[in-house]
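**Q** I am attaching a structure below and will ask some questions about it afterwards.
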Amino acid sequence: MGMLSGVILAGGANHTMNGELTALLPFDGKALIVRQIDRMREICDEIIIVTNDPKPYLNKVDRSVRIITDFFAGQGPLGGMHAALSLAKYASVWIVGCDMPLISNKAAQLLMAKKQDGFEAVIPIVAGEPYPLHGIYDRACAARIAPLFNQGKIRVSAMLNHVIWSELGERYLLDNGIDLNFVANIKTIADYEAIQHLDK
């Protein structure tokens with residue numbers, strides 16, 4: 001498959017629920033982010049957390065996990081993606097949000113295989129919706145992101161207009177035995193409660 005960097009974007013205050021960091025919510029007996037790291041470790045050759053505030057994570061993750069901060073602060077997930085792509089060791093980078101407890105290695109491997117057809121990014125589409133935060137990106141995408149910030153564009157979709165990307169559709173994912181819940185994310189306490197039931 002080639003070497004893969006795994007990245008978890010553990011951004012700013014927008015990720016907190018009731019003042020708690022989503023990434024540190026208990027999920028299946030461990031902090032959500034630790035569960036994500038365990039999953040990623042099965043297929044990734046390095047793991048990176050991008051956060052503006054490393055402190056809460058230092059005693060939760062082991063030393064092999066790199067913790068970095070944005071070069072361009074306040075640019076949302078795209079800022080985190082830029083930092084990760086700039087510093088990743090390997091050419092292919094799997095990027096997820098820290099609010100996604102059910103990330104799928106198998107889906108990531110299918111995305112990675114598709115990237116080898118010559119794409120700079122491959123993104124899953126579920127229920128007609130693209131999920132850039134479970135995509136595989138080429139490190140080269142970092143160079144496309146920085147100029148967007150000068151134009152005030154911080155949406156991940158803005159980057160997709162500047163890279164050669166492909167989608168991996170729902171039908172293909174299902175045909176390969178992927179449970180589509182892998183893109184589920186936690187925005188509210190209700191989401192958190194519902195997603196724990198999905199995982200059973």
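Lettering and numbering for the structure tokens are positional, with chains as A, B, ... in the shown order, residues counted from 1 in each chain, and ligands counted from 1 in the shown order.
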If we count only C-alpha atoms, what is near Ala107 (chain A) at a cut-off of 9 Å, once residues fewer than 5 positions away on the same chain are taken out, given as a VMD selection string?
**A** chain A and resid 112 124 134 173 176 178 to 179 182
**Q** Could the residues of region 62-118 of chain A that have an atom at most 9 Å from region 138-153 of chain A be listed as a Markdown table, each with its closest atom pair and the distance in Å to one decimal, counting only C-alpha atoms and ordered by chain and ascending residue number?
**A**
```
| residue | atom | partner | partner_atom | distance |
| --- | --- | --- | --- | --- |
| A:Phe72 | CA | A:Phe149 | CA | 8.2 |
| A:Gln75 | CA | A:Phe149 | CA | 7.6 |
| A:Leu78 | CA | A:Ile145 | CA | 7.6 |
| A:Gly79 | CA | A:Ile145 | CA | 8.3 |
| A:Met81 | CA | A:Ala142 | CA | 7.7 |
| A:His82 | CA | A:Ala142 | CA | 5.1 |
| A:Ala83 | CA | A:Ala142 | CA | 7.7 |
| A:Ala84 | CA | A:Ala142 | CA | 8.3 |
| A:Leu85 | CA | A:Arg139 | CA | 4.8 |
| A:Ser86 | CA | A:Ala142 | CA | 5.7 |
| A:Leu87 | CA | A:Arg139 | CA | 8.5 |
| A:Ala88 | CA | A:Arg139 | CA | 7.1 |
| A:Lys89 | CA | A:Arg139 | CA | 8.8 |
| A:Tyr90 | CA | A:Arg139 | CA | 7.5 |
| A:Ala91 | CA | A:Arg139 | CA | 5.1 |
| A:Ser92 | CA | A:Asp138 | CA | 4.8 |
| A:Val93 | CA | A:Asp138 | CA | 6.1 |
| A:Trp94 | CA | A:Asp138 | CA | 8.9 |
| A:Lys115 | CA | A:Asp138 | CA | 8.4 |
```
**Q** Would you mind telling me which residue in A:Glu170, A:Asp28, A:Asp175, A:Glu42 lies nearest to Ser104 (chain A) when using only C-alpha atoms?
**A** A:Glu42
**Q** CA of Gly97 (chain A) and CA of His197 (chain A), how far apart in Å?
**A** 19.8 Å
**Q** Counting only C-alpha atoms, what is within 12 Å of Leu168 (chain A), bar same-chain residues fewer than 5 positions away, as number ranges by chain?
**A** A: 107-115, 119, 121-132, 134-136, 173-176, 178, 180
**Q** Would you please give, as a list in words, all residues of region 123-196 of chain A that DSSP assigns to alpha helix (DSSP H) based on the backbone?
**A**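 In region 123-196 of chain A, DSSP puts these residues in alpha helix (DSSP H): Ala142, Ala143, Arg144, Ile145, Ala146, Pro147, Leu148, Phe149, Asn150, Val156, Ser157, Ala158, Met159, Leu160, Glu170, Arg171, Tyr172, Leu173, Leu174, Asp175, Ile189, Ala190, Asp191, Tyr192, Glu193, Ala194, Ile195 and Gln196 of chain A.
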**Q** Go ahead and save the residues from that selection, with C-alpha atoms, as a PDB file, in the first residue's frame.
**A**
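Generated file (part-v5.pdb):
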```pdb
ATOM      1  CA  ALA A 142      -0.300  21.825   1.202  1.00  0.00           C
ATOM      2  CA  ALA A 143       1.054  24.128  -1.509  1.00  0.00           C
ATOM      3  CA  ARG A 144      -2.468  24.639  -2.873  1.00  0.00           C
ATOM      4  CA  ILE A 145      -3.884  25.621   0.511  1.00  0.00           C
ATOM      5  CA  ALA A 146      -1.648  28.508   1.618  1.00  0.00           C
ATOM      6  CA  PRO A 147      -2.672  30.846  -1.259  1.00  0.00           C
ATOM      7  CA  LEU A 148      -6.351  30.328  -0.359  1.00  0.00           C
ATOM      8  CA  PHE A 149      -5.836  31.906   3.059  1.00  0.00           C
ATOM      9  CA  ASN A 150      -4.637  35.119   1.392  1.00  0.00           C
ATOM     10  CA  VAL A 156     -12.115  22.703   2.809  1.00  0.00           C
ATOM     11  CA  SER A 157     -14.262  22.719  -0.340  1.00  0.00           C
ATOM     12  CA  ALA A 158     -12.218  25.696  -1.614  1.00  0.00           C
ATOM     13  CA  MET A 159      -9.122  23.499  -1.651  1.00  0.00           C
ATOM     14  CA  LEU A 160     -10.926  20.803  -3.622  1.00  0.00           C
ATOM     15  CA  GLU A 170     -21.425   4.842  -1.219  1.00  0.00           C
ATOM     16  CA  ARG A 171     -22.195   1.905  -3.529  1.00  0.00           C
ATOM     17  CA  TYR A 172     -18.497   1.041  -3.862  1.00  0.00           C
ATOM     18  CA  LEU A 173     -18.009   1.324  -0.094  1.00  0.00           C
ATOM     19  CA  LEU A 174     -21.006  -0.906   0.627  1.00  0.00           C
ATOM     20  CA  ASP A 175     -19.923  -3.444  -1.985  1.00  0.00           C
ATOM     21  CA  ILE A 189     -24.513  15.542  23.309  1.00  0.00           C
ATOM     22  CA  ALA A 190     -27.384  13.844  21.440  1.00  0.00           C
ATOM     23  CA  ASP A 191     -24.974  12.833  18.644  1.00  0.00           C
ATOM     24  CA  TYR A 192     -22.582  11.480  21.255  1.00  0.00           C
ATOM     25  CA  GLU A 193     -25.284   9.329  22.808  1.00  0.00           C
ATOM     26  CA  ALA A 194     -26.596   8.102  19.445  1.00  0.00           C
ATOM     27  CA  ILE A 195     -23.150   7.199  18.081  1.00  0.00           C
ATOM     28  CA  GLN A 196     -22.371   5.025  21.087  1.00  0.00           C
TER      29      GLN A 196
END
```
**Q** Go through region 4-125 of chain A and collect every residue that DSSP, computed from the backbone, puts in strand (DSSP E); the answer should be as a ChimeraX atom specification.
**A** /A:4-9,16-17,20-21,26-27,30-31,46-50,65-68,92-97,121-125
